[in-house]
Each structure stands twice: as structure tokens, then as C-alpha cells.
>>> print(open('input-v1.cif').read())   # mmCIF, C-alpha atoms
data_structure
#
loop_
_atom_site.label_atom_id
_atom_site.label_comp_id
_atom_site.auth_asym_id
_atom_site.auth_seq_id
_atom_site.Cartn_x
_atom_site.Cartn_y
_atom_site.Cartn_z
CA MET A 59 0.00 0.00 0.00
CA SER A 60 1.48 3.33 -1.02
CA LEU A 61 1.52 6.08 1.54
CA SER A 62 -0.36 9.27 0.84
CA ASP A 63 1.57 12.53 0.70
CA GLU A 64 -0.48 13.67 3.68
CA GLY A 65 0.48 10.55 5.63
CA LYS A 66 4.16 11.01 4.82
CA LYS A 67 4.04 14.63 5.91
CA ARG A 68 2.51 13.67 9.25
CA VAL A 69 5.11 10.93 9.83
CA GLU A 70 7.93 13.36 9.08
CA ALA A 71 6.45 16.14 11.23
CA GLU A 72 5.84 13.81 14.16
CA LEU A 73 9.35 12.37 14.00
CA ASP A 74 10.86 15.86 13.80
CA PHE A 75 8.87 16.84 16.88
CA LEU A 76 9.91 13.74 18.83
CA LYS A 77 13.56 14.16 17.92
CA ALA A 78 13.49 17.84 18.91
CA ASN A 79 12.04 16.79 22.26
CA HIS A 80 14.76 14.19 22.89
CA VAL A 81 12.69 11.06 22.18
CA THR A 82 14.89 8.69 20.19
CA ASN A 83 13.38 5.24 20.79
CA LEU A 84 9.89 4.31 19.55
CA ARG A 85 7.95 1.14 20.23
CA VAL A 86 5.95 0.26 17.12
CA LEU A 87 3.36 -2.37 16.21
CA ALA A 88 4.83 -4.18 13.20
CA ALA A 89 1.63 -5.87 12.00
CA ALA A 90 -2.01 -6.56 12.79
CA GLU A 91 -3.98 -9.75 12.15
CA GLY A 92 -7.50 -10.30 10.82
CA LYS A 93 -10.46 -7.94 10.90
CA GLY A 94 -12.71 -6.82 13.73
CA PRO A 95 -14.77 -6.78 15.67
CA ILE A 96 -12.92 -9.01 18.11
CA ASN A 97 -14.07 -9.21 21.73
CA GLY A 98 -16.81 -6.78 20.77
CA LYS A 99 -14.36 -4.07 19.69
CA MET A 100 -13.01 -2.86 16.39
CA THR A 101 -9.38 -3.61 15.57
CA VAL A 102 -6.49 -1.83 13.93
CA GLU A 103 -6.94 -1.72 10.17
CA PRO A 104 -5.73 -2.59 7.64
CA ALA A 105 -4.24 -5.91 8.75
CA TYR A 106 -0.99 -7.34 7.46
CA GLN A 107 -2.14 -10.97 7.82
CA VAL A 108 -5.62 -10.51 6.41
CA THR A 109 -6.68 -14.14 6.71
CA LYS A 110 -4.66 -17.12 7.85
CA GLY A 111 -1.51 -17.35 5.72
CA GLN A 112 -2.56 -14.51 3.42
CA PHE A 113 -0.32 -11.46 3.76
CA ASN A 114 -0.65 -7.95 2.38
CA ASP A 115 3.07 -7.35 1.82
CA SER A 116 2.45 -4.00 0.16
CA LEU A 117 1.18 -2.75 3.52
CA LEU A 118 4.70 -2.96 4.94
CA ALA A 119 5.78 -0.15 2.62
CA GLY A 120 4.58 2.08 5.45
CA LEU A 121 6.89 0.37 7.93
CA ASP A 122 9.73 0.61 5.40
CA TYR A 123 9.12 4.35 5.15
CA LEU A 124 8.95 4.82 8.92
CA LEU A 125 12.27 3.02 9.41
CA VAL A 126 13.93 5.09 6.68
CA GLU A 127 12.73 8.34 8.23
CA MET A 128 13.70 7.23 11.73
CA GLY A 129 17.14 6.28 10.45
CA LYS A 130 17.63 9.76 9.00
CA ARG A 131 17.06 11.12 12.52
CA ASN A 132 19.21 8.51 14.29
CA MET A 133 16.17 7.08 16.06
CA LYS A 134 15.62 3.42 17.01
CA ALA A 135 12.53 1.19 16.74
CA VAL A 136 11.37 -1.64 18.97
CA LEU A 137 9.06 -3.69 16.74
CA PHE A 138 6.47 -5.88 18.45
CA LEU A 139 5.22 -8.77 16.37
CA SER A 140 1.77 -9.63 17.73
CA ASN A 141 -0.50 -8.90 20.67
CA ASN A 142 -2.02 -10.55 23.72
CA TRP A 143 -4.95 -8.15 23.31
CA GLU A 144 -7.62 -8.01 20.66
CA TRP A 145 -7.09 -4.46 19.40
CA SER A 146 -4.72 -5.62 16.66
CA GLY A 147 -6.17 -9.11 16.19
CA GLY A 148 -3.47 -10.90 18.11
CA PHE A 149 -3.78 -14.18 19.93
CA LEU A 150 -7.58 -14.38 19.80
CA GLN A 151 -7.41 -14.12 16.01
CA TYR A 152 -4.82 -16.90 15.81
CA LEU A 153 -7.04 -19.10 17.99
CA ASN A 154 -9.95 -18.40 15.68
CA TRP A 155 -7.90 -19.34 12.62
CA ALA A 156 -6.89 -22.56 14.37
CA ASN A 157 -10.59 -23.47 14.79
CA ILE A 158 -10.19 -23.37 18.56
CA LEU A 159 -12.15 -20.16 19.18
CA PRO A 160 -15.48 -20.07 17.29
CA ASP A 161 -16.23 -16.95 15.30
CA SER A 162 -19.50 -16.45 17.17
CA ILE A 163 -17.66 -16.23 20.48
CA MET A 164 -14.71 -14.19 19.23
CA ARG A 165 -16.94 -11.44 17.83
CA ARG A 166 -18.99 -10.83 20.96
CA THR A 167 -17.79 -9.11 24.11
CA LEU A 168 -16.06 -11.63 26.36
CA THR A 169 -16.05 -11.56 30.14
CA TRP A 170 -12.60 -11.19 31.70
CA ASP A 171 -12.62 -14.85 32.74
CA GLU A 172 -13.66 -15.95 29.25
CA ASN A 173 -10.86 -13.88 27.75
CA ARG A 174 -8.33 -15.45 30.09
CA ASP A 175 -9.58 -18.95 29.35
CA TRP A 176 -9.39 -18.52 25.59
CA VAL A 177 -6.07 -16.67 25.31
CA SER A 178 -4.37 -19.17 27.63
CA LYS A 179 -4.94 -21.84 24.95
CA PHE A 180 -2.72 -19.99 22.46
CA TYR A 181 0.58 -21.22 23.90
CA SER A 182 -0.18 -24.93 23.57
CA SER A 183 -1.58 -24.71 20.03
CA LYS A 184 0.81 -25.93 17.33
CA ASP A 185 -1.45 -24.38 14.70
CA CYS A 186 -1.34 -20.95 16.38
CA ASP A 187 2.43 -21.15 16.73
CA GLU A 188 2.92 -22.03 13.07
CA ALA A 189 0.72 -19.14 11.92
CA TYR A 190 2.51 -16.74 14.27
CA ARG A 191 5.91 -17.88 13.00
CA LYS A 192 4.93 -17.40 9.38
CA GLN A 193 4.13 -13.77 10.10
CA VAL A 194 7.28 -13.28 12.17
CA ALA A 195 9.49 -14.83 9.48
CA ARG A 196 8.09 -12.54 6.80
CA ILE A 197 8.65 -9.40 8.86
CA VAL A 198 12.05 -10.26 10.36
CA GLY A 199 13.20 -11.60 6.98
CA ARG A 200 11.94 -8.58 5.03
CA THR A 201 14.05 -6.35 2.79
CA ASN A 202 13.20 -2.66 2.87
CA SER A 203 11.56 -1.74 -0.43
CA ILE A 204 13.03 1.77 -0.33
CA THR A 205 16.64 1.13 0.67
CA GLY A 206 17.09 -2.47 -0.47
CA LYS A 207 18.52 -3.22 2.98
CA ALA A 208 17.46 -6.36 4.83
CA TYR A 209 15.70 -5.67 8.11
CA LYS A 210 18.21 -7.92 9.86
CA ASP A 211 20.96 -5.53 8.74
CA ASP A 212 19.11 -2.30 9.58
CA PRO A 213 20.65 -0.46 12.55
CA THR A 214 17.44 1.55 12.98
CA ILE A 215 15.79 -1.57 14.44
CA PHE A 216 16.66 -1.67 18.13
CA SER A 217 15.03 -5.00 18.95
CA TRP A 218 12.30 -7.50 18.11
CA GLU A 219 9.55 -8.01 20.67
CA LEU A 220 7.60 -11.28 20.75
CA ALA A 221 4.27 -9.57 21.37
CA ASN A 222 2.62 -6.78 23.28
CA GLU A 223 2.06 -7.94 26.86
CA PRO A 224 2.08 -11.73 26.33
CA ARG A 225 0.42 -13.24 29.40
CA PRO A 226 -0.14 -16.88 30.35
CA MET A 227 -3.59 -15.65 31.47
CA ARG A 228 -4.11 -18.76 33.64
CA PRO A 229 -1.58 -20.40 36.02
CA ALA A 230 -2.12 -23.77 34.32
CA ALA A 231 -0.75 -22.29 31.07
CA ILE A 232 2.57 -21.17 32.58
CA PRO A 233 4.66 -24.19 31.44
CA ALA A 234 3.42 -23.85 27.85
CA TYR A 235 3.86 -20.08 28.06
CA LEU A 236 7.51 -20.34 29.12
CA GLU A 237 8.18 -22.88 26.38
CA TRP A 238 6.58 -20.55 23.82
CA ILE A 239 8.69 -17.60 25.01
CA LYS A 240 11.89 -19.63 24.62
CA ASN A 241 11.00 -21.21 21.29
CA SER A 242 9.79 -17.93 19.78
CA ALA A 243 12.88 -16.02 20.91
CA ASP A 244 15.12 -18.81 19.60
CA PHE A 245 13.24 -18.73 16.30
CA ILE A 246 13.80 -14.99 15.85
CA LYS A 247 17.47 -15.32 16.77
CA GLY A 248 17.74 -17.98 14.09
CA LEU A 249 16.48 -15.44 11.55
CA ASP A 250 18.44 -12.43 12.78
CA THR A 251 21.58 -12.58 14.88
CA ASN A 252 22.18 -8.82 14.68
CA HIS A 253 19.33 -7.53 16.82
CA MET A 254 18.18 -8.03 20.37
CA VAL A 255 15.01 -9.89 21.29
CA THR A 256 12.75 -9.18 24.26
CA SER A 257 9.45 -10.46 25.60
CA GLY A 258 7.19 -7.39 25.79
CA CYS A 259 5.76 -8.54 29.12
CA GLU A 260 4.38 -6.36 31.92
CA GLY A 261 6.33 -7.97 34.72
CA ARG A 262 4.86 -9.79 37.71
CA MET A 263 1.38 -8.32 37.25
CA GLY A 264 1.12 -9.89 33.81
CA VAL A 265 2.79 -13.25 34.36
CA GLU A 266 1.30 -14.33 37.70
CA THR A 267 4.51 -14.38 39.83
CA ILE A 268 7.91 -12.75 40.01
CA GLU A 269 9.42 -16.22 39.60
CA VAL A 270 7.82 -16.55 36.16
CA PHE A 271 9.21 -13.13 35.22
CA GLU A 272 12.68 -14.26 36.23
CA SER A 273 12.42 -17.62 34.47
CA MET A 274 11.35 -16.13 31.16
CA HIS A 275 14.06 -13.48 31.18
CA ARG A 276 16.80 -15.95 32.07
CA ILE A 277 16.27 -17.51 28.65
CA THR A 278 19.49 -16.96 26.71
CA SER A 279 17.81 -15.61 23.59
CA ILE A 280 15.96 -12.92 25.60
CA ASP A 281 18.44 -10.04 25.75
CA TYR A 282 16.72 -7.67 28.15
CA ALA A 283 13.66 -7.56 30.38
CA THR A 284 10.60 -5.35 30.10
CA ILE A 285 7.91 -4.15 32.48
CA HIS A 286 4.74 -2.09 32.02
CA ILE A 287 2.95 -0.11 34.73
CA TRP A 288 -0.78 0.63 34.66
CA PRO A 289 -2.05 2.25 37.88
CA LYS A 290 -5.65 2.57 36.64
CA ASN A 291 -5.95 -0.99 35.32
CA TRP A 292 -4.36 -2.38 38.45
CA GLY A 293 -6.69 -0.56 40.83
CA TRP A 294 -4.21 1.86 42.36
CA PHE A 295 -6.83 4.56 41.85
CA LYS A 296 -10.49 4.40 40.91
CA ASP A 297 -12.67 6.40 38.55
CA THR A 298 -11.56 10.05 38.56
CA ALA A 299 -9.89 9.93 41.97
CA ILE A 300 -6.36 10.38 40.65
CA SER A 301 -5.53 13.31 42.91
CA ALA A 302 -6.60 11.51 46.09
CA SER A 303 -4.46 8.49 45.17
CA ILE A 304 -1.43 10.05 43.51
CA ASN A 305 0.89 9.29 46.44
CA LYS A 306 -0.19 5.65 46.39
CA VAL A 307 0.30 5.55 42.62
CA VAL A 308 3.85 6.89 42.90
CA GLU A 309 4.75 4.63 45.81
CA SER A 310 3.28 1.53 44.19
CA SER A 311 5.00 2.25 40.86
CA THR A 312 8.36 2.84 42.54
CA SER A 313 8.02 -0.38 44.51
CA TYR A 314 7.05 -2.29 41.37
CA ILE A 315 10.06 -1.01 39.45
CA ASN A 316 12.45 -1.77 42.30
CA GLU A 317 11.07 -5.29 42.65
CA HIS A 318 12.04 -6.01 39.06
CA VAL A 319 15.34 -4.13 39.28
CA LEU A 320 16.46 -6.61 41.96
CA ILE A 321 15.65 -9.56 39.71
CA CYS A 322 17.42 -8.01 36.71
CA GLU A 323 20.49 -7.20 38.81
CA LYS A 324 20.61 -10.84 39.81
CA MET A 325 20.28 -11.93 36.16
CA ARG A 326 22.64 -9.18 34.94
CA LYS A 327 20.21 -8.17 32.22
CA PRO A 328 19.00 -4.62 31.50
CA LEU A 329 15.45 -3.60 32.38
CA VAL A 330 13.39 -1.30 30.15
CA ILE A 331 10.26 0.36 31.57
CA GLU A 332 8.56 0.36 28.20
CA GLU A 333 4.99 1.32 29.08
CA PHE A 334 3.51 3.56 31.73
CA GLY A 335 0.63 5.95 31.42
CA MET A 336 -1.91 8.09 33.21
CA PRO A 337 -5.16 9.80 32.15
CA ARG A 338 -5.40 13.57 32.11
CA ASP A 339 -6.50 15.35 35.28
CA GLY A 340 -10.12 14.56 36.07
CA HIS A 341 -9.96 11.54 33.74
CA VAL A 342 -11.21 13.53 30.77
CA TYR A 343 -10.06 13.21 27.18
CA ASN A 344 -10.09 16.79 25.93
CA THR A 345 -6.64 18.04 24.95
CA THR A 346 -7.27 21.29 26.85
CA ALA A 347 -7.54 19.45 30.18
CA THR A 348 -4.55 19.82 32.49
CA VAL A 349 -1.96 17.09 33.01
CA ASP A 350 -0.45 18.12 36.35
CA LEU A 351 -0.97 14.72 37.98
CA ARG A 352 0.35 12.87 34.94
CA ASN A 353 3.44 15.09 35.04
CA GLN A 354 3.92 14.33 38.73
CA TYR A 355 3.67 10.63 37.96
CA TYR A 356 6.03 10.82 34.98
CA ALA A 357 8.55 12.83 37.01
CA SER A 358 8.64 10.15 39.70
CA ILE A 359 9.60 7.50 37.13
CA PHE A 360 12.00 9.81 35.29
CA ASN A 361 13.75 10.61 38.58
CA LEU A 362 14.17 6.94 39.41
CA CYS A 363 15.56 6.18 35.97
CA ALA A 364 17.91 9.18 36.11
CA GLU A 365 19.27 7.96 39.44
CA SER A 366 19.84 4.50 37.96
CA ALA A 367 21.59 5.98 34.92
CA LYS A 368 23.92 8.11 37.06
CA ALA A 369 24.79 5.05 39.14
CA LYS A 370 25.27 2.95 35.97
CA GLY A 371 22.39 0.82 37.17
CA ILE A 372 20.35 -1.86 35.47
CA ILE A 373 17.56 0.34 34.03
CA GLY A 374 18.32 0.65 30.34
CA GLY A 375 15.65 3.13 29.29
CA TYR A 376 11.97 3.97 29.31
CA ASN A 377 9.06 4.61 26.92
CA PHE A 378 5.89 6.38 28.04
CA TRP A 379 2.53 5.30 26.56
CA ALA A 380 1.47 6.82 24.28
CA PHE A 381 2.28 9.48 21.69
CA GLY A 382 -0.74 11.27 20.19
CA GLY A 383 1.23 14.00 18.41
CA ILE A 384 -0.79 16.52 16.44
CA GLY A 385 -3.93 14.36 16.50
CA LYS A 386 -6.98 15.28 18.56
CA PRO A 387 -9.92 13.25 19.90
CA SER A 388 -12.95 13.90 17.72
CA GLY A 389 -15.25 14.59 20.66
CA LYS A 390 -18.09 12.91 18.74
CA THR A 391 -17.66 9.55 20.46
CA GLU A 392 -15.26 8.35 23.15
CA TYR A 393 -13.98 5.48 21.02
CA PHE A 394 -12.31 5.52 17.62
CA THR A 395 -14.45 5.58 14.52
CA LYS A 396 -13.24 5.64 10.93
CA GLY A 397 -12.22 9.13 9.88
CA ASP A 398 -11.01 10.16 13.34
CA ASP A 399 -7.43 11.29 13.87
CA LEU A 400 -4.99 8.48 14.62
CA LEU A 401 -3.81 8.77 18.23
CA GLY A 402 -1.67 6.67 20.53
CA ASP A 403 -4.71 5.12 22.24
CA PRO A 404 -5.74 1.78 20.69
CA PRO A 405 -9.34 1.45 19.48
CA GLN A 406 -10.63 -0.43 22.53
CA GLU A 407 -9.76 2.51 24.79
CA GLU A 408 -11.17 6.02 25.00
CA GLN A 409 -9.39 8.26 22.52
CA GLY A 410 -7.17 10.64 24.46
CA LEU A 411 -7.10 8.40 27.54
CA ASN A 412 -3.31 8.09 27.81
CA SER A 413 -2.03 9.96 24.74
CA VAL A 414 0.55 12.70 25.18
CA PHE A 415 -0.14 15.35 22.54
CA SER A 416 2.34 17.76 21.00
CA SER A 417 0.39 20.55 22.70
CA ASP A 418 1.18 19.16 26.19
CA GLU A 419 4.05 21.60 26.65
CA THR A 420 4.63 20.98 30.36
CA THR A 421 5.02 17.23 29.76
CA TRP A 422 7.51 17.80 26.94
CA SER A 423 9.52 20.12 29.17
CA LEU A 424 9.76 17.25 31.66
CA ILE A 425 10.78 14.76 28.99
CA LYS A 426 13.57 17.02 27.75
CA LYS A 427 14.74 17.69 31.30
CA PHE A 428 15.06 13.98 32.02
CA ASP A 429 16.59 12.98 28.67
CA TYR A 430 17.96 9.56 29.60
CA ALA A 431 21.09 9.92 27.49
CA THR A 432 22.21 13.00 29.44
CA HIS A 433 22.19 11.08 32.71
CA LYS A 434 24.48 8.23 31.70
#
>>> encode(input="input-v1.cif", output="C-alpha cells")
Amino acid sequence: MSLSDEGKKRVEAELDFLKANHVTNLRVLAAAEGKGPINGKMTVEPAYQVTKGQFNDSLLAGLDYLLVEMGKRNMKAVLFLSNNWEWSGGFLQYLNWANILPDSIMRRTLTWDENRDWVSKFYSSKDCDEAYRKQVARIVGRTNSITGKAYKDDPTIFSWELANEPRPMRPAAIPAYLEWIKNSADFIKGLDTNHMVTSGCEGRMGVETIEVFESMHRITSIDYATIHIWPKNWGWFKDTAISASINKVVESSTSYINEHVLICEKMRKPLVIEEFGMPRDGHVYNTTATVDLRNQYYASIFNLCAESAKAKGIIGGYNFWAFGGIGKPSGKTEYFTKGDDLLGDPPQEEQGLNSVFSSDETTWSLIKKFDYATHK
């Protein structure tokens, strides 16, 4: 698929803005699977793997272009290759293609327990694994259509990530989950020995226990560990009560980071805090709403990372979630509909929920102040 001139201009403008504000590492979805709705929600479109084994290779011209433009600006990309969650198709779509998850169930809204039960089956399915590997092999083995350079030789790619937030979902699935992590990482290393591989996991909160986190990141072909932090999703504050709970949010996040730092120090592997986010003050989505509490939260994590960098500690970097750039929520509906601006918030979440927009000047001042590279 060829990129429109308008799309190219936005990519270039957004990258220029990020570079000027000292953001040099971007975490990017490499491909989506299938078509929505899945779990009662629309999905990212268009998909790369449209139906099982059928790939729209022309779609990756957009990824080629992004990598070229990032390379011009000396930026790096972490490319995640699938998703635990339905907003890009992900594991539920693979289960559907494997005739494990019926279409009638996949399309409707699942309860949390139903979602856990179904996704947990992904790791023990040979059919799912084969379909996942076909997609991975095509992306990792791709040659950039603009430069003629193989992805495996492209220094703009920082690392390959198995998936966004892969979770066992049920304790009974942990053995199959750990085997899948190892086999998938080994598979990618067999295709590309030049780049790092990581899991994309959230840490203890996503994988049941800290012991599982340690086991999966001790795997030789996993080069560094990741954690994500979601105070709202994890119940550290409720509804709009961010202000009343901000101290708890900061304390809980700090404790969570330090818990994983200790494990990574023991393993002697870097830790990247690759997702953390917070709604705007009052939990509203309008870009004019203040972000004082988000800034306070960000600053607490930036401070911790700066201290680690100065001490040559184990924290290797951080990525906030998510970048909304020059886009704006439509205001017509809370959730994405076709024709709306593309933001950092995926379609199953309220648009503007966690996005940092280019107009959030106070947040960008913080980001520049705590430029990780300056603290090494």
C-alpha cells in the first residue's frame, strides 16, 4: 500500500517533533492480524495478515518508510510482532484461525474470565504457533523496499519483541507459556543474529509471579527484560480519583520497578520500563484538560531512571505510553471511529485516555529535562 503525501508529511512532522524533544526510541506495532470486531471491539486496520496465511506485503511499505525516516534522525525502533490483546487481532485471532475459538464467540464481548480462558490456549496450540511464526518470518526476513537493505541488517531496528504484553492468562498455562517464550525467541534469533530480542511482558502483574518473570528473562535468547505499569488498570486509583491516590500511585510504581530491578540485577540483564501511562487530570479526554498529575507521575519514574543511569544501574531506558502528536480526539464519540485522527490510544480505549499530545508543553519540558542519554 502506497503512503499518501499527507500521511508522509505527518510521519515526518511527528518524527521531527519527537527528535526535537529528545525522544529517540519508539515502540511500534509491526503488524495486525484479521479484521474486527474481536471481543466486541473494532481492531487496527488494515491488517498485514488478512486471513490465515494470506499477507498484504504492500502494507509494509509504510513500515519501510517509517524506518527510513527514523534512520535519518538517528532514532531506534522496537518492533512488536503480535499482541495478547484483541485491538490488533493478536492471539484471539490466531485461535480463531486454528478453529479453537469459534467466530460467534470471538466477535462478541467476552467476560474477563472468558478472555483469560481462551487466550491461555494460544501457547499450547501448534497451529497458532505455526501461523505466528509465518508472520514473524516474513517481517524479520523482510528487505526494505526503499533502501534495499534487509531488516536484519538495519541499525534503525533496536530489537524484536515477541508480542505486546504476552500473558499466560491462567496459572495452568505457565509451562506452555515459558516454552513458547523460549522457542519464539530462539526462532527470531535464528532469523536475525544482529538484533536483540525481548518479551514485551508487563512484569509480575502480567505473568502471575515474580518467579515466572525471572524464568522467562533468564532464557538466553531474551536479551533484556521489560515491564509495564498501569495504575488505573491495576486498581491503584479508581474512577476520577487520581488526585486523592497520587501518592499511592507513585509509591506503588516505585516499589514495582524496584522489585524487578532486583531480579534483573541478579540476572545481569537490562530492564526497560517500556509502558507507563496516566489519564489527564479529572480523567477527561479533551486536549485542553490539564496534566499536572500525569506530570507528577512521569517525574517520579523519570527521577528513578535518572538515578539509575547516574549510578550505571540496570535500568536501560523507558518509553511512556502513548504518543498522540498533532492528533486530537474527535469529541463525537469516546472510542475511535473511521475518519477520526490516529492517536496513541488503541481502538478499545477512550481516545485521548493516555495519549501525550504535542500541545502538552509541560510534559515535553519534563521529557527534555530527564533525557535519559544526558544522565548516563
>>> resolve_selection(input="input-v1.cif", expression="the PyMOL selection byres ((chain A and resi 408) around 12)", output="number ranges by chain")
A: 99, 337-338, 341-344, 387-395, 401-407, 409-413
>>> residues_around(input="input-v1.cif", residues="stretch 159-172 of chain A", least_positions_apart="2", cutoff="8 Å", atoms="all atoms listed in the file", output="PyMOL selection string")
chain A and resi 94-99+150-151+153-157+174-176
>>> closest_residue(input="input-v1.cif", among="A:Thr298, A:Asn316, A:Ser303, A:Thr267", to="A:Asp339", atoms="only C-alpha atoms")
A:Thr298
>>> closest_residue(input="input-v1.cif", among="A:Lys110, A:Lys67, A:Lys290, A:Arg228", to="A:Gly264", atoms="only C-alpha atoms")
A:Arg228
>>> resolve_selection(input="input-v1.cif", expression="the PyMOL selection byres ((chain A and resi 271-281) around 7)", output="VMD selection string")
chain A and resid 236 239 to 240 243 to 244 247 254 to 257 261 to 262 265 267 to 270 282 to 283 321 325 327
>>> resolve_selection(input="input-v1.cif", expression="the PyMOL selection byres ((chain A and resi 424) around 12)", output="MDAnalysis selection string")
chainID A and resid 79:81 349:350 352:361 418:423 425:430
>>> atom_distance(input="input-v1.cif", atom1="atom CA of A:Ser178", atom2="atom CA of A:Ala234")
9.1 Å
>>> atom_distance(input="input-v1.cif", atom1="atom CA of A:Lys386", atom2="atom CA of A:Asp399")
6.2 Å
>>> atom_distance(input="input-v1.cif", atom1="atom CA of A:Leu124", atom2="atom CA of A:Ile197")
14.2 Å
>>> closest_residue(input="input-v1.cif", among="A:Ala364, A:Gly385, A:Glu317, A:Gly340", to="A:Gly397", atoms="all atoms listed in the file")
A:Gly385
>>> residues_around(input="input-v1.cif", residues="A:Gly148", least_positions_apart="5", cutoff="12 Å", atoms="all atoms listed in the file", output="ChimeraX atom specification")
/A:87-94,96-97,101-102,105-108,138-143,153-155,164,177,180,186-187,189-190,193,220-224
>>> write_last_selection(input="input-v1.cif", atoms="C-alpha atoms", output="CSV table (one decimal), in the coordinates of the input")
chain,number,residue,atom,x,y,z
A,87,LEU,CA,3.4,-2.4,16.2
A,88,ALA,CA,4.8,-4.2,13.2
A,89,ALA,CA,1.6,-5.9,12.0
A,90,ALA,CA,-2.0,-6.6,12.8
A,91,GLU,CA,-4.0,-9.8,12.2
A,92,GLY,CA,-7.5,-10.3,10.8
A,93,LYS,CA,-10.5,-7.9,10.9
A,94,GLY,CA,-12.7,-6.8,13.7
A,96,ILE,CA,-12.9,-9.0,18.1
A,97,ASN,CA,-14.1,-9.2,21.7
A,101,THR,CA,-9.4,-3.6,15.6
A,102,VAL,CA,-6.5,-1.8,13.9
A,105,ALA,CA,-4.2,-5.9,8.8
A,106,TYR,CA,-1.0,-7.3,7.5
A,107,GLN,CA,-2.1,-11.0,7.8
A,108,VAL,CA,-5.6,-10.5,6.4
A,138,PHE,CA,6.5,-5.9,18.4
A,139,LEU,CA,5.2,-8.8,16.4
A,140,SER,CA,1.8,-9.6,17.7
A,141,ASN,CA,-0.5,-8.9,20.7
A,142,ASN,CA,-2.0,-10.6,23.7
A,143,TRP,CA,-5.0,-8.2,23.3
A,153,LEU,CA,-7.0,-19.1,18.0
A,154,ASN,CA,-10.0,-18.4,15.7
A,155,TRP,CA,-7.9,-19.3,12.6
A,164,MET,CA,-14.7,-14.2,19.2
A,177,VAL,CA,-6.1,-16.7,25.3
A,180,PHE,CA,-2.7,-20.0,22.5
A,186,CYS,CA,-1.3,-21.0,16.4
A,187,ASP,CA,2.4,-21.2,16.7
A,189,ALA,CA,0.7,-19.1,11.9
A,190,TYR,CA,2.5,-16.7,14.3
A,193,GLN,CA,4.1,-13.8,10.1
A,220,LEU,CA,7.6,-11.3,20.8
A,221,ALA,CA,4.3,-9.6,21.4
A,222,ASN,CA,2.6,-6.8,23.3
A,223,GLU,CA,2.1,-7.9,26.9
A,224,PRO,CA,2.1,-11.7,26.3
>>> closest_residue(input="input-v1.cif", among="A:Ala302, A:Val308, A:Leu84, A:Val194", to="A:Ile215", atoms="all atoms listed in the file")
A:Leu84
>>> axis_aligned_box(input="input-v1.cif", around="stretch 360-371 of chain A", padding_each_side="6 Å", output="JSON")
{"center_x": 18.6, "center_y": 5.7, "center_z": 37.2, "size_x": 25.3, "size_y": 21.8, "size_z": 16.5}
>>> closest_residue(input="input-v1.cif", among="A:Val69, A:Thr205, A:Tyr376, A:Asp185", to="A:Ile287", atoms="all atoms listed in the file")
A:Tyr376
>>> closest_residue(input="input-v1.cif", among="A:Gly374, A:Gly65, A:Gly293, A:Pro226", to="A:Val319", atoms="all atoms listed in the file")
A:Gly374
>>> decode(input="input-v1.cif", residues="stretch 77-115 of chain A", atoms="C-alpha atoms", output="mmCIF file, in the first residue's frame")
data_model
loop_
_atom_site.group_PDB
_atom_site.id
_atom_site.type_symbol
_atom_site.label_atom_id
_atom_site.label_comp_id
_atom_site.auth_asym_id
_atom_site.auth_seq_id
_atom_site.Cartn_x
_atom_site.Cartn_y
_atom_site.Cartn_z
ATOM 1 C CA LYS A 77 13.562 14.165 17.919
ATOM 2 C CA ALA A 78 13.489 17.843 18.911
ATOM 3 C CA ASN A 79 12.040 16.788 22.264
ATOM 4 C CA HIS A 80 14.756 14.186 22.891
ATOM 5 C CA VAL A 81 12.688 11.059 22.182
ATOM 6 C CA THR A 82 14.893 8.694 20.191
ATOM 7 C CA ASN A 83 13.378 5.242 20.789
ATOM 8 C CA LEU A 84 9.889 4.315 19.551
ATOM 9 C CA ARG A 85 7.950 1.139 20.227
ATOM 10 C CA VAL A 86 5.945 0.256 17.122
ATOM 11 C CA LEU A 87 3.355 -2.374 16.207
ATOM 12 C CA ALA A 88 4.828 -4.177 13.198
ATOM 13 C CA ALA A 89 1.635 -5.869 12.002
ATOM 14 C CA ALA A 90 -2.011 -6.564 12.790
ATOM 15 C CA GLU A 91 -3.983 -9.751 12.149
ATOM 16 C CA GLY A 92 -7.501 -10.303 10.820
ATOM 17 C CA LYS A 93 -10.458 -7.943 10.902
ATOM 18 C CA GLY A 94 -12.708 -6.819 13.726
ATOM 19 C CA PRO A 95 -14.774 -6.780 15.671
ATOM 20 C CA ILE A 96 -12.918 -9.009 18.110
ATOM 21 C CA ASN A 97 -14.069 -9.211 21.731
ATOM 22 C CA GLY A 98 -16.813 -6.780 20.769
ATOM 23 C CA LYS A 99 -14.361 -4.071 19.695
ATOM 24 C CA MET A 100 -13.012 -2.864 16.390
ATOM 25 C CA THR A 101 -9.384 -3.612 15.574
ATOM 26 C CA VAL A 102 -6.485 -1.830 13.930
ATOM 27 C CA GLU A 103 -6.935 -1.718 10.172
ATOM 28 C CA PRO A 104 -5.726 -2.587 7.642
ATOM 29 C CA ALA A 105 -4.244 -5.908 8.746
ATOM 30 C CA TYR A 106 -0.988 -7.341 7.459
ATOM 31 C CA GLN A 107 -2.139 -10.967 7.816
ATOM 32 C CA VAL A 108 -5.618 -10.511 6.414
ATOM 33 C CA THR A 109 -6.675 -14.141 6.710
ATOM 34 C CA LYS A 110 -4.664 -17.120 7.847
ATOM 35 C CA GLY A 111 -1.512 -17.355 5.721
ATOM 36 C CA GLN A 112 -2.560 -14.508 3.421
ATOM 37 C CA PHE A 113 -0.315 -11.458 3.758
ATOM 38 C CA ASN A 114 -0.645 -7.950 2.381
ATOM 39 C CA ASP A 115 3.065 -7.354 1.821
#
